[in-house]
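Peer 1: Provided below: input-v4.cif, containing mmCIF, C-alpha atoms and all ligand atoms.
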```cif
data_start
loop_
_atom_site.label_atom_id
_atom_site.label_comp_id
_atom_site.auth_asym_id
_atom_site.auth_seq_id
_atom_site.Cartn_x
_atom_site.Cartn_y
_atom_site.Cartn_z
CA MET A 65 33.35 15.63 -32.66
CA GLU A 66 31.33 15.08 -29.47
CA ARG A 67 29.98 11.50 -29.09
CA PHE A 68 26.35 10.91 -28.11
CA ASN A 69 24.97 7.89 -26.28
CA ILE A 70 21.23 8.14 -26.28
CA ASP A 71 18.17 5.93 -26.39
CA ASN A 72 16.62 7.61 -29.39
CA LEU A 73 17.94 9.67 -32.26
CA ILE A 74 15.24 11.59 -34.10
CA VAL A 75 16.10 13.19 -37.42
CA GLY A 76 13.80 16.09 -38.19
CA CYS A 77 12.21 18.55 -35.79
CA GLY A 78 8.83 18.80 -37.52
CA PHE A 79 5.64 17.66 -35.82
CA THR A 80 6.30 13.98 -36.58
CA GLY A 81 9.68 14.07 -34.83
CA ILE A 82 8.47 16.36 -32.04
CA THR A 83 5.52 14.07 -31.22
CA LEU A 84 7.84 11.05 -31.02
CA ALA A 85 10.34 12.96 -28.86
CA ASN A 86 7.60 14.09 -26.51
CA LYS A 87 6.12 10.60 -26.08
CA LEU A 88 9.49 8.83 -25.67
CA ALA A 89 10.64 11.29 -23.01
CA ASP A 90 7.33 11.91 -21.21
CA CYS A 91 5.90 8.37 -21.18
CA LEU A 92 9.06 6.23 -21.05
CA GLY A 93 11.56 8.65 -19.51
CA GLU A 94 14.02 7.83 -22.31
CA LYS A 95 16.77 10.11 -23.57
CA VAL A 96 16.17 11.70 -26.94
CA LEU A 97 18.44 13.63 -29.25
CA ILE A 98 16.40 15.42 -31.91
CA ILE A 99 18.24 17.16 -34.72
CA ASP A 100 17.29 19.37 -37.63
CA VAL A 101 19.32 20.74 -40.48
CA LYS A 102 17.33 24.00 -40.23
CA ASP A 103 17.99 26.69 -37.64
CA HIS A 104 14.56 26.38 -36.06
CA ILE A 105 12.15 23.80 -34.66
CA ALA A 106 8.61 22.98 -35.96
CA GLY A 107 9.67 22.02 -39.52
CA ASN A 108 7.22 23.17 -42.14
CA CYS A 109 4.85 24.54 -39.52
CA TYR A 110 7.38 27.08 -38.19
CA ASP A 111 5.89 30.50 -37.46
CA TYR A 112 7.08 33.67 -35.72
CA PHE A 113 5.63 36.96 -34.49
CA ASP A 114 7.02 39.87 -36.52
CA LYS A 115 7.74 43.37 -35.20
CA ASN A 116 4.07 44.33 -35.64
CA GLY A 117 2.81 41.37 -33.62
CA ILE A 118 1.62 39.45 -36.70
CA CYS A 119 2.13 35.70 -36.57
CA VAL A 120 3.69 34.76 -39.93
CA HIS A 121 3.88 31.16 -41.17
CA GLN A 122 7.28 30.94 -42.85
CA TYR A 123 6.35 27.98 -45.08
CA GLY A 124 2.88 29.11 -46.08
CA THR A 125 -0.54 29.16 -44.42
CA HIS A 126 -1.08 26.30 -41.94
CA ILE A 127 -4.52 25.59 -40.55
CA PHE A 128 -5.03 22.82 -38.03
CA HIS A 129 -8.15 20.72 -38.64
CA THR A 130 -9.06 17.19 -37.63
CA ASN A 131 -11.80 14.73 -36.80
CA ASN A 132 -9.31 12.75 -34.75
CA LYS A 133 -10.21 13.48 -31.12
CA ARG A 134 -7.15 11.66 -29.87
CA VAL A 135 -4.83 14.02 -31.77
CA TRP A 136 -6.84 17.10 -30.77
CA ASP A 137 -6.81 16.13 -27.07
CA TYR A 138 -3.11 15.28 -27.21
CA LEU A 139 -2.15 18.69 -28.65
CA SER A 140 -4.59 20.49 -26.35
CA GLN A 141 -2.36 19.55 -23.40
CA PHE A 142 0.20 21.99 -24.79
CA THR A 143 -1.87 24.78 -26.28
CA LYS A 144 -5.13 26.62 -26.20
CA TRP A 145 -6.74 27.13 -29.59
CA TYR A 146 -7.95 30.22 -31.39
CA PRO A 147 -11.26 28.99 -32.86
CA TYR A 148 -10.45 29.87 -36.46
CA GLN A 149 -12.58 28.36 -39.25
CA HIS A 150 -10.86 28.52 -42.64
CA LYS A 151 -12.58 29.99 -45.68
CA VAL A 152 -10.93 30.19 -49.09
CA ARG A 153 -12.08 32.33 -51.97
CA GLY A 154 -11.00 32.13 -55.59
CA TYR A 155 -10.50 35.23 -57.69
CA ILE A 156 -12.69 34.33 -60.68
CA ASP A 157 -13.60 36.82 -63.38
CA GLY A 158 -12.99 39.73 -61.03
CA GLN A 159 -14.94 38.35 -58.05
CA GLU A 160 -13.89 36.57 -54.86
CA VAL A 161 -15.93 33.37 -54.96
CA PRO A 162 -16.17 30.68 -52.21
CA ILE A 163 -13.88 27.66 -52.85
CA PRO A 164 -14.64 24.75 -53.01
CA PHE A 165 -17.20 25.95 -55.52
CA ASN A 166 -20.54 25.59 -53.72
CA LEU A 167 -24.15 26.72 -54.01
CA ASN A 168 -23.21 30.23 -52.83
CA SER A 169 -20.55 30.39 -55.56
CA ILE A 170 -23.14 29.31 -58.13
CA HIS A 171 -25.52 32.08 -57.02
CA GLN A 172 -22.66 34.59 -57.07
CA VAL A 173 -21.45 33.96 -60.63
CA PHE A 174 -24.59 32.94 -62.56
CA PRO A 175 -27.89 34.76 -63.25
CA GLU A 176 -30.64 33.85 -60.78
CA TYR A 177 -32.71 31.60 -63.10
CA LEU A 178 -29.64 29.56 -64.06
CA ALA A 179 -28.36 29.33 -60.48
CA ASN A 180 -31.76 28.08 -59.28
CA LEU A 181 -31.90 25.49 -62.06
CA LEU A 182 -28.36 24.23 -61.33
CA GLU A 183 -29.01 24.09 -57.60
CA LYS A 184 -32.15 21.96 -58.14
CA LYS A 185 -30.44 19.61 -60.58
CA LEU A 186 -27.41 19.16 -58.34
CA ILE A 187 -29.53 18.35 -55.30
CA ASP A 188 -31.81 16.04 -57.30
CA THR A 189 -28.84 14.16 -58.78
CA PHE A 190 -26.42 13.97 -55.86
CA GLY A 191 -28.33 15.09 -52.73
CA PHE A 192 -27.53 17.95 -50.35
CA ASN A 193 -24.34 18.45 -48.34
CA VAL A 194 -22.33 16.22 -50.69
CA LYS A 195 -18.93 16.87 -52.24
CA VAL A 196 -18.81 15.79 -55.86
CA PRO A 197 -15.34 15.51 -57.41
CA ILE A 198 -15.06 17.66 -60.47
CA LEU A 199 -14.21 14.78 -62.83
CA GLU A 200 -17.31 12.88 -61.66
CA LEU A 201 -19.51 15.91 -62.33
CA LYS A 202 -18.10 16.04 -65.85
CA LYS A 203 -19.36 12.53 -66.55
CA THR A 204 -23.09 13.31 -66.00
CA GLY A 205 -25.23 13.30 -69.14
CA ASP A 206 -27.31 16.39 -68.17
CA LYS A 207 -26.42 19.39 -70.38
CA ASP A 208 -26.81 21.99 -67.59
CA LEU A 209 -24.66 20.01 -65.16
CA LEU A 210 -22.15 19.49 -67.94
CA PHE A 211 -22.07 23.24 -68.47
CA LEU A 212 -21.46 23.72 -64.74
CA ALA A 213 -18.79 21.03 -64.70
CA GLU A 214 -16.96 22.65 -67.59
CA TYR A 215 -17.23 26.10 -66.04
CA VAL A 216 -15.80 24.91 -62.72
CA TYR A 217 -13.22 22.73 -64.44
CA ASP A 218 -11.98 25.64 -66.50
CA LYS A 219 -12.32 28.57 -64.08
CA VAL A 220 -11.44 26.91 -60.78
CA PHE A 221 -9.47 23.77 -61.44
CA LEU A 222 -7.62 23.55 -64.76
CA HIS A 223 -5.33 26.56 -64.65
CA TYR A 224 -4.75 26.27 -60.91
CA THR A 225 -3.70 22.64 -61.41
CA LEU A 226 -1.45 23.52 -64.32
CA LYS A 227 0.29 26.12 -62.14
CA GLN A 228 0.38 24.00 -58.99
CA TRP A 229 1.63 20.76 -60.54
CA GLY A 230 3.10 21.91 -63.84
CA MET A 231 1.11 19.18 -65.62
CA LYS A 232 -2.32 18.43 -67.13
CA PRO A 233 -5.11 17.36 -64.70
CA GLU A 234 -5.62 14.13 -66.68
CA ASP A 235 -2.03 13.13 -65.90
CA LEU A 236 -2.60 13.45 -62.17
CA ASP A 237 -3.62 10.67 -59.84
CA MET A 238 -7.33 10.64 -58.85
CA SER A 239 -6.42 11.19 -55.22
CA VAL A 240 -5.15 14.65 -56.24
CA THR A 241 -7.91 15.63 -58.66
CA GLY A 242 -10.53 14.28 -56.25
CA ARG A 243 -9.42 16.91 -53.77
CA VAL A 244 -11.12 19.58 -55.90
CA PRO A 245 -14.84 19.07 -55.38
CA VAL A 246 -18.05 20.95 -56.02
CA TYR A 247 -19.74 21.17 -52.66
CA ILE A 248 -23.53 20.98 -52.78
CA SER A 249 -23.99 23.12 -49.70
CA ARG A 250 -24.18 26.69 -48.42
CA ASP A 251 -21.24 26.06 -46.10
CA ASN A 252 -18.40 28.37 -47.17
CA ARG A 253 -15.80 26.72 -44.93
CA TYR A 254 -12.88 24.95 -46.58
CA PHE A 255 -12.88 22.16 -43.98
CA GLN A 256 -15.83 20.58 -42.21
CA ASP A 257 -13.78 18.82 -39.51
CA LYS A 258 -15.14 18.85 -35.97
CA TYR A 259 -11.96 20.38 -34.52
CA GLN A 260 -10.33 23.36 -36.24
CA GLY A 261 -8.10 26.13 -34.97
CA ILE A 262 -4.74 27.82 -34.70
CA PRO A 263 -2.55 27.36 -31.61
CA MET A 264 -3.16 30.50 -29.55
CA GLU A 265 0.58 31.32 -29.32
CA GLY A 266 1.52 29.85 -32.69
CA TYR A 267 2.88 26.49 -33.88
CA THR A 268 6.47 27.16 -32.81
CA LYS A 269 5.42 27.80 -29.21
CA LEU A 270 3.35 24.60 -29.27
CA ALA A 271 6.41 22.71 -30.55
CA GLN A 272 8.58 24.28 -27.81
CA LYS A 273 6.17 23.12 -25.12
CA MET A 274 6.13 19.58 -26.50
CA LEU A 275 9.93 19.49 -26.41
CA ASP A 276 10.15 20.94 -22.90
CA ASN A 277 11.59 17.93 -21.07
CA PRO A 278 15.12 17.60 -19.63
CA LYS A 279 15.41 14.21 -21.33
CA ILE A 280 15.15 15.87 -24.75
CA GLU A 281 18.16 17.53 -26.35
CA VAL A 282 17.53 19.61 -29.47
CA LYS A 283 20.40 20.24 -31.90
CA LEU A 284 19.68 22.60 -34.77
CA LYS A 285 21.74 23.29 -37.90
CA THR A 286 22.78 19.64 -37.74
CA SER A 287 22.14 17.16 -40.50
CA TYR A 288 21.98 13.40 -40.07
CA GLN A 289 24.92 13.10 -42.42
CA ASP A 290 27.00 15.34 -40.05
CA ILE A 291 26.23 13.36 -36.96
CA LYS A 292 25.56 9.74 -37.89
CA SER A 293 29.02 8.40 -37.13
CA CYS A 294 29.05 9.97 -33.63
CA VAL A 295 25.77 8.66 -32.21
CA ASN A 296 25.01 5.39 -30.48
CA TYR A 297 21.28 4.83 -30.26
CA LYS A 298 18.72 2.15 -29.52
CA ARG A 299 16.26 3.47 -32.08
CA LEU A 300 16.46 5.90 -34.97
CA TYR A 301 13.37 7.72 -36.19
CA TYR A 302 14.07 9.29 -39.57
CA THR A 303 11.66 11.98 -40.82
CA GLY A 304 13.98 13.26 -43.56
CA PRO A 305 13.74 12.21 -47.22
CA ILE A 306 13.95 8.42 -47.54
CA ASP A 307 15.84 8.58 -50.87
CA GLU A 308 18.50 10.84 -49.35
CA PHE A 309 19.02 8.39 -46.45
CA PHE A 310 19.94 5.67 -48.95
CA GLY A 311 22.19 7.97 -50.97
CA PHE A 312 19.72 8.21 -53.89
CA THR A 313 20.88 4.78 -55.07
CA GLU A 314 17.59 4.06 -56.85
CA GLY A 315 17.13 7.61 -58.16
CA GLU A 316 15.60 10.80 -56.78
CA LEU A 317 11.99 10.95 -55.61
CA PRO A 318 10.46 14.04 -57.25
CA TYR A 319 8.65 16.76 -55.33
CA ARG A 320 6.85 19.97 -56.13
CA SER A 321 8.09 23.03 -54.29
CA LEU A 322 6.95 26.60 -53.67
CA LYS A 323 8.55 30.01 -53.58
CA PHE A 324 7.01 32.47 -51.10
CA ASP A 325 7.36 36.21 -51.65
CA PHE A 326 6.49 37.96 -48.39
CA VAL A 327 5.43 41.61 -48.47
CA GLU A 328 4.57 43.95 -45.59
CA LEU A 329 1.93 46.48 -46.53
CA ASN A 330 1.23 49.77 -44.84
CA LYS A 331 -2.52 49.18 -44.49
CA PRO A 332 -4.63 47.24 -41.99
CA TYR A 333 -5.90 44.59 -44.45
CA PHE A 334 -5.18 43.61 -48.05
CA GLN A 335 -7.85 41.02 -48.86
CA SER A 336 -11.10 39.66 -47.44
CA GLY A 337 -9.67 36.54 -45.75
CA ALA A 338 -6.54 34.52 -45.00
CA CYS A 339 -6.40 32.83 -48.37
CA ILE A 340 -7.39 33.93 -51.86
CA ASN A 341 -6.66 31.59 -54.77
CA TYR A 342 -5.79 32.94 -58.20
CA PRO A 343 -6.58 30.08 -60.58
CA ASN A 344 -6.50 32.11 -63.79
CA ASN A 345 -4.62 35.36 -63.27
CA TYR A 346 -0.91 35.82 -62.54
CA ASP A 347 1.79 33.16 -62.08
CA PHE A 348 1.22 32.70 -58.35
CA THR A 349 -1.51 30.34 -57.13
CA ARG A 350 -2.59 32.14 -54.00
CA ILE A 351 -2.06 35.03 -51.63
CA GLY A 352 -1.99 34.35 -47.89
CA GLU A 353 -2.69 37.13 -45.35
CA TYR A 354 -1.45 36.05 -41.96
CA LYS A 355 -3.09 38.39 -39.43
CA TYR A 356 -6.46 36.65 -39.95
CA PHE A 357 -5.37 33.44 -38.26
CA LEU A 358 -5.02 34.84 -34.73
CA ASP A 359 -6.85 38.09 -35.45
CA ASN A 360 -3.62 40.05 -34.80
CA GLN A 361 -4.38 43.76 -34.58
CA SER A 362 -2.01 46.08 -36.43
CA ASP A 363 -2.21 48.92 -38.94
CA LYS A 364 0.25 46.88 -41.05
CA THR A 365 -0.37 43.56 -42.74
CA VAL A 366 1.83 40.76 -44.13
CA ILE A 367 0.92 38.82 -47.25
CA SER A 368 2.70 36.11 -49.23
CA PHE A 369 2.54 35.29 -52.91
CA GLU A 370 2.91 31.58 -53.56
CA TYR A 371 4.72 30.47 -56.74
CA PRO A 372 4.83 26.70 -57.46
CA GLN A 373 8.07 25.32 -58.85
CA ASN A 374 9.85 22.02 -59.26
CA PHE A 375 11.96 20.89 -56.33
CA GLU A 376 15.69 21.17 -56.94
CA GLN A 377 18.25 20.17 -54.32
CA GLY A 378 20.00 23.16 -52.78
CA LYS A 379 17.55 25.62 -54.38
CA ASN A 380 14.26 25.11 -52.56
CA GLU A 381 12.32 22.81 -50.20
CA ARG A 382 10.57 19.49 -50.77
CA TYR A 383 6.85 20.20 -50.30
CA TYR A 384 4.46 17.95 -52.20
CA PRO A 385 5.34 14.39 -53.27
CA ILE A 386 4.29 14.02 -56.92
CA ILE A 387 1.82 11.16 -57.04
CA SER A 388 2.26 8.83 -60.02
CA LYS A 389 2.65 5.11 -60.61
CA GLU A 390 6.32 5.59 -61.53
CA ASN A 391 7.10 7.55 -58.35
CA GLU A 392 5.19 5.08 -56.18
CA ASP A 393 7.26 2.23 -57.69
CA LEU A 394 10.45 4.13 -56.94
CA TYR A 395 9.29 4.77 -53.37
CA GLN A 396 8.51 1.05 -52.97
CA LYS A 397 12.15 0.24 -53.81
CA TYR A 398 13.30 2.49 -50.98
CA LEU A 399 10.63 1.08 -48.70
CA SER A 400 11.88 -2.47 -49.19
CA LYS A 401 15.41 -1.30 -48.30
CA ALA A 402 13.98 0.49 -45.25
CA GLN A 403 12.20 -2.65 -44.07
CA LYS A 404 15.56 -4.45 -43.89
CA GLU A 405 16.97 -1.88 -41.44
CA LYS A 406 16.77 -2.89 -37.78
CA ASN A 407 15.45 -0.34 -35.27
CA ILE A 408 15.26 2.40 -37.89
CA TYR A 409 11.81 3.84 -38.49
CA PHE A 410 11.07 6.01 -41.52
CA CYS A 411 8.14 8.31 -40.90
CA GLY A 412 6.54 11.66 -41.60
CA ARG A 413 5.94 13.43 -44.86
CA LEU A 414 9.44 12.91 -46.27
CA GLY A 415 10.21 9.53 -44.70
CA GLY A 416 6.98 8.04 -46.12
CA TYR A 417 6.92 10.11 -49.37
CA LYS A 418 3.31 11.01 -48.70
CA TYR A 419 1.45 14.29 -48.30
CA LEU A 420 0.22 14.40 -44.70
CA ASN A 421 -1.82 17.03 -42.98
CA MET A 422 -0.58 17.93 -39.52
CA ASP A 423 -3.17 15.81 -37.75
CA GLN A 424 -2.31 12.79 -39.90
CA ALA A 425 1.43 13.26 -39.26
CA ILE A 426 0.84 13.54 -35.50
CA GLY A 427 -1.66 10.65 -35.43
CA ALA A 428 0.79 8.41 -37.31
CA ALA A 429 3.62 9.41 -34.93
CA LEU A 430 1.49 8.50 -31.90
CA GLU A 431 0.84 5.07 -33.43
CA LEU A 432 4.49 4.57 -34.35
CA PHE A 433 5.51 5.41 -30.79
CA GLU A 434 3.28 2.61 -29.48
CA GLN A 435 4.27 0.12 -32.14
CA SER A 436 8.04 0.72 -31.93
CA THR A 437 8.23 0.59 -28.12
CA ARG A 438 5.91 -2.36 -27.56
CA GLY A 439 7.36 -5.35 -25.68
C1 LIG B 501 2.81 24.63 -48.25
C2 LIG B 501 2.22 23.68 -47.24
C3 LIG B 501 1.07 24.05 -46.55
C4 LIG B 501 0.52 23.16 -45.63
N1 LIG B 501 -0.62 23.52 -44.98
C5 LIG B 501 -1.16 22.67 -44.09
C6 LIG B 501 -2.38 23.01 -43.41
O1 LIG B 501 -2.96 24.08 -43.63
N2 LIG B 501 -2.88 22.11 -42.51
C7 LIG B 501 -2.28 20.91 -42.26
O2 LIG B 501 -2.78 20.12 -41.44
N3 LIG B 501 -1.12 20.58 -42.87
C8 LIG B 501 -0.56 21.42 -43.77
N4 LIG B 501 0.61 21.09 -44.40
C9 LIG B 501 1.27 19.82 -44.04
C10 LIG B 501 2.20 19.98 -42.83
O3 LIG B 501 3.19 20.93 -43.11
C11 LIG B 501 2.82 18.59 -42.54
O4 LIG B 501 1.82 17.70 -42.17
C12 LIG B 501 3.81 18.57 -41.45
O5 LIG B 501 4.81 19.51 -41.71
C13 LIG B 501 4.43 17.18 -41.38
O6 LIG B 501 5.43 17.19 -40.45
P1 LIG B 501 6.72 16.31 -40.61
O7 LIG B 501 7.40 16.35 -39.29
O8 LIG B 501 6.40 14.96 -41.16
O9 LIG B 501 7.58 17.04 -41.75
P2 LIG B 501 8.37 18.40 -41.73
O10 LIG B 501 7.62 19.46 -41.03
O11 LIG B 501 8.79 18.68 -43.13
O12 LIG B 501 9.67 18.09 -40.86
C14 LIG B 501 10.77 17.35 -41.35
C15 LIG B 501 12.03 18.00 -40.85
O13 LIG B 501 13.16 17.17 -41.14
C16 LIG B 501 14.28 17.99 -41.38
N5 LIG B 501 15.26 17.21 -42.13
C17 LIG B 501 15.13 16.67 -43.36
N6 LIG B 501 16.26 15.99 -43.70
C18 LIG B 501 17.10 16.09 -42.64
C19 LIG B 501 18.42 15.59 -42.39
N7 LIG B 501 19.07 14.84 -43.28
N8 LIG B 501 19.00 15.91 -41.22
C20 LIG B 501 18.34 16.68 -40.29
N9 LIG B 501 17.10 17.16 -40.49
C21 LIG B 501 16.48 16.88 -41.64
C22 LIG B 501 13.67 19.14 -42.19
O14 LIG B 501 14.50 20.28 -42.13
C23 LIG B 501 12.33 19.35 -41.51
O15 LIG B 501 12.38 20.36 -40.53
C24 LIG B 501 1.16 21.92 -45.37
C25 LIG B 501 2.31 21.56 -46.06
C26 LIG B 501 2.82 22.41 -47.01
C27 LIG B 501 4.03 21.97 -47.78
#
```
Written as structure tokens, that's how I'd like the structure from this file.

Peer 2:
Amino acid sequence: MERFNIDNLIVGCGFTGITLANKLADCLGEKVLIIDVKDHIAGNCYDYFDKNGICVHQYGTHIFHTNNKRVWDYLSQFTKWYPYQHKVRGYIDGQEVPIPFNLNSIHQVFPEYLANLLEKKLIDTFGFNVKVPILELKKTGDKDLLFLAEYVYDKVFLHYTLKQWGMKPEDLDMSVTGRVPVYISRDNRYFQDKYQGIPMEGYTKLAQKMLDNPKIEVKLKTSYQDIKSCVNYKRLYYTGPIDEFFGFTEGELPYRSLKFDFVELNKPYFQSGACINYPNNYDFTRIGEYKYFLDNQSDKTVISFEYPQNFEQGKNERYYPIISKENEDLYQKYLSKAQKEKNIYFCGRLGGYKYLNMDQAIGAALELFEQSTRG
């Protein structure tokens, strides 16, 4: 097999690896070999334009949002943005209701007198423009707010959580359950971040532009295990699964996965927005409709049904680390092994066993670049 002498080997061509490759080549002029076991770049954010000109996200709907100006400005060197603001609705008792459940949702599902009463009590108790985690709302002593808490808990949260995680909400870490708030506001947007959008030509094109440097060599369909004995490097950045790197010696870190069923429909639109959640009906959790992101015009549309499942090696992809004390302890064992490795940096969603939004992954990669090349 061909031998490689390079400054940097990067395992994983997702946005963590791509950001590192870009900075190492552009700022330091160093040689980078970036590999991925998949046959495409951009990792989980990979998208493509189908025959009808619809930009489809192969691994489910991806919306860029951040308050981190540094990350926004960095990416904006490589792309213009379509100013998309994400709205999610939940299919609840036959209606599409804004999610997170907010004052508009309350007025949509309850009779006027009750909605007015709940709105007043919520604002009096918590203030306006506040997100109250569902479990906190449940703890209030007021009988009307308790009614609301139980309604939201049951109709929006409980069955969705059971499907998404395959376990009871009580068994989940607060950082997961806390992500399902009641929003005391009329703002129907899913995110309130200052910067939100979709790369005008898609995520894959953005990734291509970031990798466009003669110092960067991209090798696809290549796993670290295939190549590790043939590469001499100064630094290794590993964005693959940390447990796999160490041969699963301490045991496997569990993940939740998803199965996507894509369907092309012979009609201009299927649903009222890019994302409709189905907390209570069906076995899928949500339906994504892709043409909304870039407002692609076509008399066809593409939707995906999203079925949560457990991760199994060789069957599906690692998506969401399962947060629990036991899994954190297991990760810590791998982390202490990782800290003994010289010039090997574990990073990204799989390297750090941590759910990261795109902006967090990119922000962390920018910091790691500085830290690992200092002095
Ligand atoms: C279903 C879903 C929806 C999401 N939606 C959003 C969203 O709307 N907004 C948002 O900000 N974020 C979203 N995210 C998060 C976003 O996908 C991640 O932040 C981003 O992918 C992190 O990039 P990464 O480079 O760390 O990981 P990844 O994109 O997973 O890249 C890691 C790469 O490493 C490769 N690899 C692994 N092992 C090896 C090996 N041994 N050898 C070679 N290559 C290897 C993998 O094939 C993969 O391509 C979503 C995530 C999921 C799962």

Peer 1: Give me the residues within 9 Å of A:Asn277 as a ChimeraX atom specification, counting all atoms listed in the file and dropping any in the same chain fewer than 2 places off.

Peer 2: /A:86,89-90,273-275,279-281

Peer 1: Can I get the selection written as an mmCIF file, in the coordinates of the input, with C-alpha atoms?

Peer 2:
```cif
data_model
loop_
_atom_site.group_PDB
_atom_site.id
_atom_site.type_symbol
_atom_site.label_atom_id
_atom_site.label_comp_id
_atom_site.auth_asym_id
_atom_site.auth_seq_id
_atom_site.Cartn_x
_atom_site.Cartn_y
_atom_site.Cartn_z
ATOM 1 C CA ASN A 86 7.600 14.090 -26.510
ATOM 2 C CA ALA A 89 10.640 11.290 -23.010
ATOM 3 C CA ASP A 90 7.330 11.910 -21.210
ATOM 4 C CA LYS A 273 6.170 23.120 -25.120
ATOM 5 C CA MET A 274 6.130 19.580 -26.500
ATOM 6 C CA LEU A 275 9.930 19.490 -26.410
ATOM 7 C CA LYS A 279 15.410 14.210 -21.330
ATOM 8 C CA ILE A 280 15.150 15.870 -24.750
ATOM 9 C CA GLU A 281 18.160 17.530 -26.350
#
```

Peer 1: Find, counting only C-alpha atoms, the residue in A:Glu308, A:Leu97, A:Leu178, A:Tyr346 that gets nearest to A:Gln289.

Peer 2: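 The closest residue to A:Gln289 is A:Glu308.
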
Peer 1: Please, which residues in chain A fall within 8 Å of ligand LIG 501 (chain B) when counting only C-alpha atoms and all ligand atoms, and what is the closest atom pair and distance in Å to one decimal for each, ordered by chain then residue number, as CSV?

Peer 2:
```
residue,atom,partner,partner_atom,distance
A:Val75,CA,B:LIG501,C20,5.0
A:Gly76,CA,B:LIG501,O13,3.2
A:Cys77,CA,B:LIG501,O15,5.1
A:Gly78,CA,B:LIG501,O7,3.3
A:Phe79,CA,B:LIG501,O7,4.1
A:Thr80,CA,B:LIG501,O7,3.8
A:Gly81,CA,B:LIG501,O7,5.5
A:Ile82,CA,B:LIG501,O7,7.3
A:Ile99,CA,B:LIG501,C20,5.6
A:Asp100,CA,B:LIG501,N9,3.6
A:Val101,CA,B:LIG501,C20,4.2
A:Lys102,CA,B:LIG501,O14,5.0
A:His104,CA,B:LIG501,O15,7.8
A:Ile105,CA,B:LIG501,O15,6.8
A:Ala106,CA,B:LIG501,O10,6.3
A:Gly107,CA,B:LIG501,O15,3.3
A:Asn108,CA,B:LIG501,O10,3.9
A:Cys109,CA,B:LIG501,O3,5.4
A:Tyr123,CA,B:LIG501,C1,5.8
A:Gly124,CA,B:LIG501,C1,5.0
A:Thr125,CA,B:LIG501,N1,5.7
A:His126,CA,B:LIG501,O1,3.4
A:Ile127,CA,B:LIG501,O1,3.8
A:Phe128,CA,B:LIG501,O2,4.9
A:His129,CA,B:LIG501,O2,6.1
A:Thr130,CA,B:LIG501,O2,7.9
A:Lys285,CA,B:LIG501,C20,7.8
A:Thr286,CA,B:LIG501,C20,5.9
A:Ser287,CA,B:LIG501,N8,3.5
A:Tyr288,CA,B:LIG501,N8,4.1
A:Gln289,CA,B:LIG501,N7,6.2
A:Thr303,CA,B:LIG501,O13,5.4
A:Gly304,CA,B:LIG501,N6,3.6
A:Pro305,CA,B:LIG501,N6,5.7
A:Glu308,CA,B:LIG501,N7,7.3
A:Phe309,CA,B:LIG501,N7,7.2
A:Ser321,CA,B:LIG501,C27,7.7
A:Leu322,CA,B:LIG501,C1,7.1
A:Arg382,CA,B:LIG501,C27,7.6
A:Tyr383,CA,B:LIG501,C27,4.2
A:Tyr384,CA,B:LIG501,C27,6.0
A:Cys411,CA,B:LIG501,O8,6.9
A:Gly412,CA,B:LIG501,O8,3.3
A:Arg413,CA,B:LIG501,O8,4.0
A:Leu414,CA,B:LIG501,O8,6.3
A:Gly415,CA,B:LIG501,O8,7.5
A:Tyr419,CA,B:LIG501,C9,7.0
A:Leu420,CA,B:LIG501,O4,4.5
A:Asn421,CA,B:LIG501,O2,3.6
A:Met422,CA,B:LIG501,O4,3.6
A:Asp423,CA,B:LIG501,O2,5.7
A:Gln424,CA,B:LIG501,O4,6.8
A:Ala425,CA,B:LIG501,O4,5.3
A:Ile426,CA,B:LIG501,O6,7.7
```

Peer 1: For the atom pair atom CA of A:Pro343 and atom CA of A:Glu214, what is the interatomic distance in Å to one decimal place?

Peer 2: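 Interatomic distance, atom CA of A:Pro343 to atom CA of A:Glu214: 14.6 Å.
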
Peer 1: Considering only C-alpha atoms, can you say which of A:Phe410, A:Trp229, A:Ile367, A:Tyr302 comes closest to A:Ile387?

Peer 2: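 Among A:Phe410, A:Trp229, A:Ile367, A:Tyr302, it is A:Trp229 that comes nearest to A:Ile387.
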
Peer 1: Write out as AutoDock Vina command-line options an axis-aligned box for stretch 332-349 of chain A: all of its atoms listed in the file, 3 Å added on each side, centre and edge lengths in Å with one decimal.

Peer 2:
```
--center_x -4.7 --center_y 38.7 --center_z -52.9 --size_x 18.9 --size_y 23.2 --size_z 27.8
```
